[in-house]
Every structure is written in structure tokens, then in C-alpha cells.
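Undergrad: Here you go, entry-v3.cif (mmCIF, C-alpha atoms):
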data_model
loop_
_atom_site.group_PDB
_atom_site.id
_atom_site.type_symbol
_atom_site.label_atom_id
_atom_site.label_comp_id
_atom_site.auth_asym_id
_atom_site.auth_seq_id
_atom_site.Cartn_x
_atom_site.Cartn_y
_atom_site.Cartn_z
ATOM 1 C CA MET N 610 111.650 77.488 111.782
ATOM 2 C CA LEU N 611 109.873 80.424 110.205
ATOM 3 C CA LYS N 612 109.538 83.530 112.365
ATOM 4 C CA LEU N 613 107.058 86.293 111.711
ATOM 5 C CA TYR N 614 108.432 89.574 110.427
ATOM 6 C CA VAL N 615 105.190 91.268 109.335
ATOM 7 C CA CYS N 616 101.563 90.390 108.575
ATOM 8 C CA VAL N 617 99.106 93.074 107.438
ATOM 9 C CA ALA N 618 95.943 93.610 105.428
ATOM 10 C CA CYS N 619 96.039 96.130 102.612
ATOM 11 C CA GLU N 620 94.375 97.115 99.383
ATOM 12 C CA LYS N 621 97.238 96.180 97.090
ATOM 13 C CA VAL N 622 100.671 94.644 97.229
ATOM 14 C CA ILE N 623 103.227 95.367 94.547
ATOM 15 C CA ILE N 624 106.322 93.185 94.502
ATOM 16 C CA ASP N 625 109.009 94.227 92.054
ATOM 17 C CA GLN N 626 111.416 91.948 90.199
ATOM 18 C CA ASP N 627 113.932 92.184 93.043
ATOM 19 C CA GLY N 628 111.305 91.076 95.541
ATOM 20 C CA VAL N 629 110.860 94.512 97.106
ATOM 21 C CA ALA N 630 107.294 94.753 98.373
ATOM 22 C CA SER N 631 105.232 97.937 98.407
ATOM 23 C CA LEU N 632 102.051 97.895 100.458
ATOM 24 C CA ILE N 633 99.264 100.193 99.317
ATOM 25 C CA GLY N 634 96.442 101.265 101.606
ATOM 26 C CA LEU N 635 96.730 99.533 104.966
ATOM 27 C CA PHE N 636 93.182 99.535 106.245
ATOM 28 C CA ASN N 637 91.082 97.908 108.941
ATOM 29 C CA LYS N 638 87.503 98.962 108.273
ATOM 30 C CA PHE N 639 84.889 98.598 105.545
ATOM 31 C CA THR N 640 81.993 101.056 105.635
ATOM 32 C CA LEU N 641 78.977 100.203 103.493
ATOM 33 C CA THR N 642 76.158 102.592 102.756
ATOM 34 C CA LEU N 643 72.854 100.878 102.044
ATOM 35 C CA PRO N 644 69.463 102.209 100.986
ATOM 36 C CA LYS N 645 67.302 102.683 104.073
ATOM 37 C CA ASN N 646 64.895 99.872 103.211
ATOM 38 C CA GLN N 647 67.607 97.403 102.162
ATOM 39 C CA GLU N 648 68.587 94.483 104.382
ATOM 40 C CA ILE N 649 71.866 92.794 103.781
ATOM 41 C CA PRO N 650 71.795 88.975 103.393
ATOM 42 C CA LYS N 651 73.775 86.984 105.961
ATOM 43 C CA ASN N 652 76.064 85.524 103.300
ATOM 44 C CA ALA N 653 76.691 88.845 101.480
ATOM 45 C CA VAL N 654 80.163 89.537 100.154
ATOM 46 C CA ALA N 655 81.480 92.920 99.011
ATOM 47 C CA PRO N 656 83.287 92.375 95.708
ATOM 48 C CA LYS N 657 86.371 94.349 96.687
ATOM 49 C CA GLU N 658 89.708 92.658 96.231
ATOM 50 C CA TRP N 659 92.141 93.044 99.117
ATOM 51 C CA ALA N 660 95.278 91.311 100.268
ATOM 52 C CA VAL N 661 97.156 90.018 103.243
ATOM 53 C CA PHE N 662 100.902 90.425 102.994
ATOM 54 C CA SER N 663 103.164 88.530 105.318
ATOM 55 C CA ALA N 664 106.913 88.091 105.526
ATOM 56 C CA TRP N 665 108.820 85.494 107.511
ATOM 57 C CA ASP N 666 112.435 85.119 108.569
ATOM 58 C CA THR N 667 113.853 81.731 107.723
ATOM 59 C CA GLU N 668 116.497 79.424 109.164
ATOM 60 C CA PRO N 669 118.756 76.997 107.283
ATOM 61 C CA GLY N 670 116.782 73.819 106.686
ATOM 62 C CA ASP N 671 113.450 75.586 106.201
ATOM 63 C CA GLU N 672 114.007 75.516 102.438
ATOM 64 C CA LEU N 673 113.852 71.715 102.523
ATOM 65 C CA LYS N 674 110.305 71.667 103.881
ATOM 66 C CA GLU N 675 107.007 72.531 102.275
ATOM 67 C CA HIS N 676 105.160 75.382 103.957
ATOM 68 C CA LEU N 677 101.621 76.601 103.430
ATOM 69 C CA PHE N 678 100.439 80.038 104.451
ATOM 70 C CA CYS N 679 96.844 79.710 105.715
ATOM 71 C CA LEU N 680 94.223 82.374 106.246
ATOM 72 C CA GLN N 681 90.798 82.040 107.830
ATOM 73 C CA ILE N 682 88.103 84.670 108.355
ATOM 74 C CA PHE N 683 85.571 84.648 111.193
ATOM 75 C CA TYR N 684 82.362 86.635 111.451
ATOM 76 C CA PRO N 685 81.789 88.818 114.523
ATOM 77 C CA ASP N 686 79.685 85.967 115.995
ATOM 78 C CA LYS N 687 82.802 83.734 115.644
ATOM 79 C CA SER N 688 81.363 81.526 112.901
ATOM 80 C CA GLN N 689 83.687 80.806 110.013
ATOM 81 C CA PHE N 690 83.370 82.559 106.680
ATOM 82 C CA GLY N 691 84.186 80.562 103.571
ATOM 83 C CA GLU N 692 86.995 78.118 103.153
ATOM 84 C CA ILE N 693 90.514 78.446 104.489
ATOM 85 C CA PHE N 694 92.792 80.182 101.977
ATOM 86 C CA LYS N 695 96.002 78.224 101.489
ATOM 87 C CA ASN N 696 99.016 79.554 99.688
ATOM 88 C CA LYS N 697 102.180 77.548 99.014
ATOM 89 C CA MET N 698 105.240 79.446 100.242
ATOM 90 C CA LYS N 699 108.540 79.824 98.451
ATOM 91 C CA VAL N 700 111.309 79.359 101.004
ATOM 92 C CA GLU N 701 114.930 79.813 99.949
ATOM 93 C CA LEU N 702 118.136 79.602 101.960
ATOM 94 C CA ASN N 703 119.156 82.882 103.623
ATOM 95 C CA LYS N 704 116.203 84.777 102.203
ATOM 96 C CA ARG N 705 113.170 86.215 103.898
ATOM 97 C CA SER N 706 110.015 84.507 102.647
ATOM 98 C CA GLN N 707 107.182 86.779 101.509
ATOM 99 C CA VAL N 708 103.582 85.753 100.837
ATOM 100 C CA LYS N 709 100.915 87.768 99.106
ATOM 101 C CA THR N 710 97.414 86.336 99.530
ATOM 102 C CA MET N 711 94.809 88.036 97.363
ATOM 103 C CA ILE N 712 91.205 87.750 98.529
ATOM 104 C CA PRO N 713 88.566 88.705 95.966
ATOM 105 C CA GLY N 714 85.928 89.921 98.427
ATOM 106 C CA PHE N 715 85.077 90.530 102.050
ATOM 107 C CA PRO N 716 82.073 89.166 103.985
ATOM 108 C CA VAL N 717 79.700 91.934 105.054
ATOM 109 C CA GLY N 718 76.702 89.946 106.297
ATOM 110 C CA GLN N 719 77.215 91.060 109.897
ATOM 111 C CA PRO N 720 78.341 94.441 111.187
ATOM 112 C CA GLY N 721 81.112 94.364 113.761
ATOM 113 C CA PHE N 722 84.623 93.062 114.150
ATOM 114 C CA TYR N 723 85.752 90.177 111.986
ATOM 115 C CA THR N 724 88.827 88.156 112.878
ATOM 116 C CA VAL N 725 91.437 87.303 110.271
ATOM 117 C CA ARG N 726 93.565 84.392 111.482
ATOM 118 C CA ASN N 727 96.837 83.560 109.758
ATOM 119 C CA TRP N 728 99.251 80.695 110.323
ATOM 120 C CA ILE N 729 101.802 78.457 108.616
ATOM 121 C CA GLU N 730 101.396 74.733 108.127
ATOM 122 C CA GLU N 731 103.991 72.101 107.487
ATOM 123 C CA SER N 732 102.720 68.570 106.811
ATOM 124 C CA ASN N 733 99.227 69.616 107.952
ATOM 125 C CA LYS N 734 100.585 70.880 111.283
ATOM 126 C CA MET N 735 100.625 74.484 112.424
ATOM 127 C CA VAL N 736 104.261 75.471 112.844
ATOM 128 C CA ALA N 737 103.960 79.265 113.127
ATOM 129 C CA GLY N 738 101.170 81.486 114.365
ATOM 130 C CA PRO N 739 98.324 81.926 114.624
ATOM 131 C CA ILE N 740 98.481 85.667 114.089
ATOM 132 C CA GLU N 741 95.131 87.388 114.365
ATOM 133 C CA PHE N 742 93.933 90.867 113.506
ATOM 134 C CA LYS N 743 90.525 92.502 113.402
ATOM 135 C CA MET N 744 88.719 94.026 110.440
ATOM 136 C CA GLU N 745 85.582 96.048 111.117
ATOM 137 C CA VAL N 746 82.446 96.219 108.979
ATOM 138 C CA GLU N 747 80.178 99.204 109.539
ATOM 139 C CA ILE N 748 76.796 99.420 107.829
ATOM 140 C CA LEU N 749 75.156 102.810 107.335
ATOM 141 C CA LYS N 750 71.636 103.411 106.015
ATOM 142 C CA GLN N 751 70.736 106.263 103.698
ATOM 143 C CA GLU N 752 67.706 107.441 101.739
ATOM 144 C CA PRO N 753 68.136 106.570 98.060
ATOM 145 C CA SER N 754 68.917 109.733 96.084
ATOM 146 C CA GLN N 755 66.473 110.790 93.403
ATOM 147 C CA ASN N 756 68.249 110.825 90.035
ATOM 148 C CA MET K 440 67.941 83.983 87.293
ATOM 149 C CA TRP K 441 69.929 81.810 89.701
ATOM 150 C CA ILE K 442 71.726 84.895 91.020
ATOM 151 C CA ASP K 443 68.556 86.994 91.257
ATOM 152 C CA ASN K 444 66.946 84.259 93.335
ATOM 153 C CA GLY K 445 69.713 84.317 95.925
ATOM 154 C CA ALA K 446 72.203 81.884 94.323
ATOM 155 C CA HIS K 447 71.114 78.903 96.420
ATOM 156 C CA TRP K 448 72.671 75.440 96.228
ATOM 157 C CA PHE K 449 70.686 73.325 93.790
ATOM 158 C CA PHE K 450 70.323 69.901 95.370
ATOM 159 C CA GLY K 451 71.288 68.164 98.582
ATOM 160 C CA ASN K 452 73.387 69.993 101.115
ATOM 161 C CA ALA K 453 75.850 72.646 100.052
ATOM 162 C CA PRO K 454 79.491 71.903 100.861
ATOM 163 C CA GLU K 455 80.521 73.213 104.242
ATOM 164 C CA GLN K 456 81.592 76.874 104.108
ATOM 165 C CA TRP K 457 80.385 77.210 100.510
ATOM 166 C CA ASN K 458 79.541 80.776 99.579
ATOM 167 C CA PRO K 459 78.051 81.436 96.117
ATOM 168 C CA TRP K 460 79.446 84.967 95.926
ATOM 169 C CA MET K 461 82.985 83.834 96.694
ATOM 170 C CA GLN K 462 82.607 81.130 94.047
ATOM 171 C CA LEU K 463 81.692 83.778 91.478
ATOM 172 C CA LEU K 464 84.498 86.078 92.613
ATOM 173 C CA ASN K 465 87.060 83.286 92.510
ATOM 174 C CA ALA K 466 85.936 82.506 88.974
ATOM 175 C CA GLY K 467 86.487 86.131 87.943
ATOM 176 C CA LEU K 468 82.749 86.792 87.685
ATOM 177 C CA GLY K 469 82.589 89.594 90.227
ATOM 178 C CA THR K 470 80.383 91.705 87.993
ATOM 179 C CA TYR K 471 77.552 89.250 88.684
ATOM 180 C CA VAL K 472 77.785 89.604 92.461
ATOM 181 C CA PRO K 473 74.876 91.789 93.657
ATOM 182 C CA LYS K 474 76.022 95.132 94.992
ATOM 183 C CA LEU K 475 73.408 95.934 97.571
ATOM 184 C CA PHE K 476 75.034 99.178 98.671
ATOM 185 C CA PHE K 477 75.528 102.713 97.381
ATOM 186 C CA ALA K 478 79.122 103.035 98.457
ATOM 187 C CA LEU K 479 81.951 101.041 99.963
ATOM 188 C CA ARG K 480 84.682 102.827 101.860
ATOM 189 C CA LEU K 481 87.954 101.514 103.156
ATOM 190 C CA GLN K 482 89.117 103.243 106.297
ATOM 191 C CA THR K 483 91.906 103.181 108.806
ATOM 192 C CA ASN K 484 90.934 103.976 112.334
ATOM 193 C CA ALA K 485 94.362 104.718 113.695
ATOM 194 C CA SER K 486 96.373 107.434 115.374
ATOM 195 C CA VAL K 487 99.518 108.581 113.660
ATOM 196 C CA ALA K 488 102.760 109.709 115.290
ATOM 197 C CA HIS K 489 105.375 111.310 113.105
ATOM 198 C CA SER K 490 109.075 111.376 113.855
ATOM 199 C CA GLY K 491 111.817 113.370 112.197
ATOM 200 C CA THR K 492 112.493 117.082 111.891
ATOM 201 C CA GLU K 493 108.939 118.108 111.068
ATOM 202 C CA ASN K 494 106.802 116.571 113.726
ATOM 203 C CA PHE K 495 103.816 118.605 112.703
ATOM 204 C CA ALA K 496 100.991 116.360 113.815
ATOM 205 C CA PRO K 497 101.963 114.064 116.676
ATOM 206 C CA ASP K 498 98.397 113.267 117.636
ATOM 207 C CA PHE K 499 96.811 113.486 114.243
ATOM 208 C CA GLU K 500 93.820 111.202 114.036
ATOM 209 C CA ALA K 501 93.941 109.337 110.767
ATOM 210 C CA ASN K 502 90.638 108.470 109.306
ATOM 211 C CA ARG K 503 91.595 107.765 105.769
ATOM 212 C CA ILE K 504 88.530 107.306 103.682
ATOM 213 C CA LYS K 505 88.576 105.982 100.206
ATOM 214 C CA ASP K 506 85.371 106.017 98.253
ATOM 215 C CA ILE K 507 85.010 103.200 95.816
ATOM 216 C CA PRO K 508 82.329 104.099 93.312
ATOM 217 C CA ILE K 509 79.992 101.202 92.816
ATOM 218 C CA ALA K 510 76.896 101.257 90.658
ATOM 219 C CA PHE K 511 73.766 100.430 92.588
ATOM 220 C CA ALA K 512 71.975 97.316 91.435
ATOM 221 C CA ALA K 513 68.595 96.763 93.019
#
If you convert what's in this file into C-alpha cells, what do you get?
TA:
Amino acid sequence: MLKLYVCVACEKVIIDQDGVASLIGLFNKFTLTLPKNQEIPKNAVAPKEWAVFSAWDTEPGDELKEHLFCLQIFYPDKSQFGEIFKNKMKVELNKRSQVKTMIPGFPVGQPGFYTVRNWIEESNKMVAGPIEFKMEVEILKQEPSQN
Amino acid sequence: MWIDNGAHWFFGNAPEQWNPWMQLLNAGLGTYVPKLFFALRLQTNASVAHSGTENFAPDFEANRIKDIPIAFAA
């Protein structure tokens, strides 16, 4: 059975040829500055790529099964954003299993605390997790500058 | 024109959880996603404790701010 070692959100993940992962910019808050008269649509998405990196300890036998790493984002009002991200895991005997899930944008339609839920599925059944963390969106208003 | 008008689903009901901006981003067309803001910052609201020989800032409040320059599109 897979056991969680780490699961974090960051700006970038670099994994070298030996599988050594470097995590760049662990963050938990997006701050947007909008023109004072601008309202943000409910379905708005900030086009900023980010990633969730997770690593899992394995047991003999796990390499024989197919595992999916799943990620789901919820708005502050608990409604779901977008589809569930699913990423097929590579599980090898006596090796820690690492997953890098790149997400091309972040929902910003509501200010407040978003929930990022992560889990592992095997044959459509959750077998590890869920692991949840919060990501905050703050919206500031500013007079447009005169250029 | 479709994007300027809010990128709505054309006919019938949109698939559940469909988001037009994520569809564009997933297709590598992020430049077409409206950027309604002046600036986007990534921050970490966290305290930092250092260990080791030079414990110079045990209660340092980290508020790492990274400005991502984004052109404003009305």
C-alpha cells in the first residue's frame, strides 16, 4: 500500500535524470491586483502554471497494481472547480514513487481559501488519502495608472 | 470574438465542470485567456524557524512575494 511521504504545491518541480526532485517556490497564496472598476468573473482563471508534487513510499506488490494520482480543487464556497486531474503513477519495486502534476492555471473567481484535495485511486477506489491543503486567493483593487 | 464575449458554451448544456479558460490553457493557448488584473503575486504566509549554528532569525515572518509581470488587457 502506498504511504504518503510528501505532498506540496509549488511553482516549479525539477526532476533530474536520477529522479532527484527540486521544488521551487512553495507558496500558498495568490494575490491579484485589479483595476478599481473591474469585477472578476466567477469562472475566472489566472493563467499561471503551478504544480503539486507528491511522493509515496511503496511496498512490495504495489508495482503490480495501477495507481492514479488524483487532484481536485474546491472554491471557498466548497463548489468544485474544473475536472479532477488524474495522473498515472509509475510504481517500481523498492523505489519511492514521485508524481508531478502540472496545473496550467488557478481559479480566482472567489476570494478566500480554496481547498486542494489529493488522493490515490486503484481500480476506481481511493486507496490513499485524501490529503488536503488550502490555497488562498486575495483580490486587491487599485486605480489604473496613467501611462 | 468568442473569447471577448465571455467564452460561453455554444449549444445545449456545457459539460459538468467545464471551464473555457482551462480548456484554452490545457490546449496551450494561455495567451488568449483574458488577464483582468494588473499583477499576480505568489506568496507564502508562513513563519520560518532556522536551525544550525547561525540561528539568526528564529521568528522571522516570511512573506515571500514574487511579482509576475502581466500585461493588462482590458
Undergrad: Between N:Lys657, N:Lys612, N:Lys687, N:His676, which is the closest to Val472 in chain K once you count all atoms listed in the file?
TA: N:Lys657
Undergrad: With 7 Å as the limit and counting all atoms listed in the file, what residues in chain N lie close to chain K? Please list them as a tab-separated table (two decimals) with C-alpha atoms, keeping the file's coordinate frame.
TA:
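The file below, iface_17.tsv, is the result:
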chain	number	residue	atom	x	y	z
N	636	PHE	CA	93.18	99.54	106.24
N	637	ASN	CA	91.08	97.91	108.94
N	638	LYS	CA	87.50	98.96	108.27
N	639	PHE	CA	84.89	98.60	105.54
N	640	THR	CA	81.99	101.06	105.64
N	641	LEU	CA	78.98	100.20	103.49
N	642	THR	CA	76.16	102.59	102.76
N	643	LEU	CA	72.85	100.88	102.04
N	644	PRO	CA	69.46	102.21	100.99
N	652	ASN	CA	76.06	85.52	103.30
N	654	VAL	CA	80.16	89.54	100.15
N	656	PRO	CA	83.29	92.38	95.71
N	690	PHE	CA	83.37	82.56	106.68
N	691	GLY	CA	84.19	80.56	103.57
N	692	GLU	CA	87.00	78.12	103.15
N	713	PRO	CA	88.57	88.70	95.97
N	714	GLY	CA	85.93	89.92	98.43
Undergrad: Taking all atoms listed in the file into account, which of N:Val617, N:Val622, N:Ala655, N:Ile633 comes nearest Glu741 in chain N?
TA: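 Checking each of N:Val617, N:Val622, N:Ala655, N:Ile633 against Glu741 in chain N, counting all atoms listed in the file, the winner is N:Val617.
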Undergrad: Do you know which residues are at most 6 Å from Ser706 in chain N counting all atoms listed in the file, after dropping those on the same chain fewer than 5 positions away, and could you put them as a PyMOL selection string?
TA: chain N and resi 664-665+700
Undergrad: Please produce a file of those selected residues containing C-alpha atoms, as a compact mmCIF listing (two decimals), keeping the file's coordinate frame.
TA:
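Dumped everything to selection-v2.txt:
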# COMPACT_ATOMS: atom_id res chain seq x y z
CA ALA N 664 106.91 88.09 105.53
CA TRP N 665 108.82 85.49 107.51
CA VAL N 700 111.31 79.36 101.00
Undergrad: To one decimal place, how far is CA of Val746 in chain N from CA of Gly721 in chain N in Å?
TA: 5.3 Å
Undergrad: Any chance you could work out the residue set of the PyMOL selection byres ((chain N and resi 722) around 6) here, as a ChimeraX atom specification?
TA: /N:685,721,723,743-745
Undergrad: What is the distance, in Å and to one decimal place, between CA of Leu635 in chain N and CA of Glu648 in chain N?
TA: 28.6 Å
Undergrad: Report the residues retrieved by the PyMOL selection byres ((chain N and resi 661) around 12) from the displayed file, expressed as a PDB file with C-alpha atoms, keeping the file's coordinate frame.
TA:
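As a result, selection.pdb now contains:
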ATOM      1  CA  VAL N 615     105.190  91.268 109.335  1.00  0.00           C
ATOM      2  CA  CYS N 616     101.563  90.390 108.575  1.00  0.00           C
ATOM      3  CA  VAL N 617      99.106  93.074 107.438  1.00  0.00           C
ATOM      4  CA  ALA N 618      95.943  93.610 105.428  1.00  0.00           C
ATOM      5  CA  CYS N 619      96.039  96.130 102.612  1.00  0.00           C
ATOM      6  CA  GLU N 620      94.375  97.115  99.383  1.00  0.00           C
ATOM      7  CA  LYS N 621      97.238  96.180  97.090  1.00  0.00           C
ATOM      8  CA  VAL N 622     100.671  94.644  97.229  1.00  0.00           C
ATOM      9  CA  ILE N 623     103.227  95.367  94.547  1.00  0.00           C
ATOM     10  CA  LEU N 632     102.051  97.895 100.458  1.00  0.00           C
ATOM     11  CA  ILE N 633      99.264 100.193  99.317  1.00  0.00           C
ATOM     12  CA  GLY N 634      96.442 101.265 101.606  1.00  0.00           C
ATOM     13  CA  LEU N 635      96.730  99.533 104.966  1.00  0.00           C
ATOM     14  CA  PHE N 636      93.182  99.535 106.245  1.00  0.00           C
ATOM     15  CA  ASN N 637      91.082  97.908 108.941  1.00  0.00           C
ATOM     16  CA  GLU N 658      89.708  92.658  96.231  1.00  0.00           C
ATOM     17  CA  TRP N 659      92.141  93.044  99.117  1.00  0.00           C
ATOM     18  CA  ALA N 660      95.278  91.311 100.268  1.00  0.00           C
ATOM     19  CA  PHE N 662     100.902  90.425 102.994  1.00  0.00           C
ATOM     20  CA  SER N 663     103.164  88.530 105.318  1.00  0.00           C
ATOM     21  CA  ALA N 664     106.913  88.091 105.526  1.00  0.00           C
ATOM     22  CA  PHE N 678     100.439  80.038 104.451  1.00  0.00           C
ATOM     23  CA  CYS N 679      96.844  79.710 105.715  1.00  0.00           C
ATOM     24  CA  LEU N 680      94.223  82.374 106.246  1.00  0.00           C
ATOM     25  CA  GLN N 681      90.798  82.040 107.830  1.00  0.00           C
ATOM     26  CA  ILE N 682      88.103  84.670 108.355  1.00  0.00           C
ATOM     27  CA  PHE N 694      92.792  80.182 101.977  1.00  0.00           C
ATOM     28  CA  LYS N 695      96.002  78.224 101.489  1.00  0.00           C
ATOM     29  CA  ASN N 696      99.016  79.554  99.688  1.00  0.00           C
ATOM     30  CA  GLN N 707     107.182  86.779 101.509  1.00  0.00           C
ATOM     31  CA  VAL N 708     103.582  85.753 100.837  1.00  0.00           C
ATOM     32  CA  LYS N 709     100.915  87.768  99.106  1.00  0.00           C
ATOM     33  CA  THR N 710      97.414  86.336  99.530  1.00  0.00           C
ATOM     34  CA  MET N 711      94.809  88.036  97.363  1.00  0.00           C
ATOM     35  CA  ILE N 712      91.205  87.750  98.529  1.00  0.00           C
ATOM     36  CA  PRO N 713      88.566  88.705  95.966  1.00  0.00           C
ATOM     37  CA  VAL N 725      91.437  87.303 110.271  1.00  0.00           C
ATOM     38  CA  ARG N 726      93.565  84.392 111.482  1.00  0.00           C
ATOM     39  CA  ASN N 727      96.837  83.560 109.758  1.00  0.00           C
ATOM     40  CA  TRP N 728      99.251  80.695 110.323  1.00  0.00           C
ATOM     41  CA  ILE N 740      98.481  85.667 114.089  1.00  0.00           C
ATOM     42  CA  GLU N 741      95.131  87.388 114.365  1.00  0.00           C
ATOM     43  CA  PHE N 742      93.933  90.867 113.506  1.00  0.00           C
ATOM     44  CA  MET N 744      88.719  94.026 110.440  1.00  0.00           C
TER      45      MET N 744
END
Undergrad: Which is closest to Lys750 in chain N among N:Lys645, N:Ile624, N:Val629, N:Gly670, if we use only C-alpha atoms?
TA: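 For Lys750 in chain N, the nearest of the candidates is N:Lys645.
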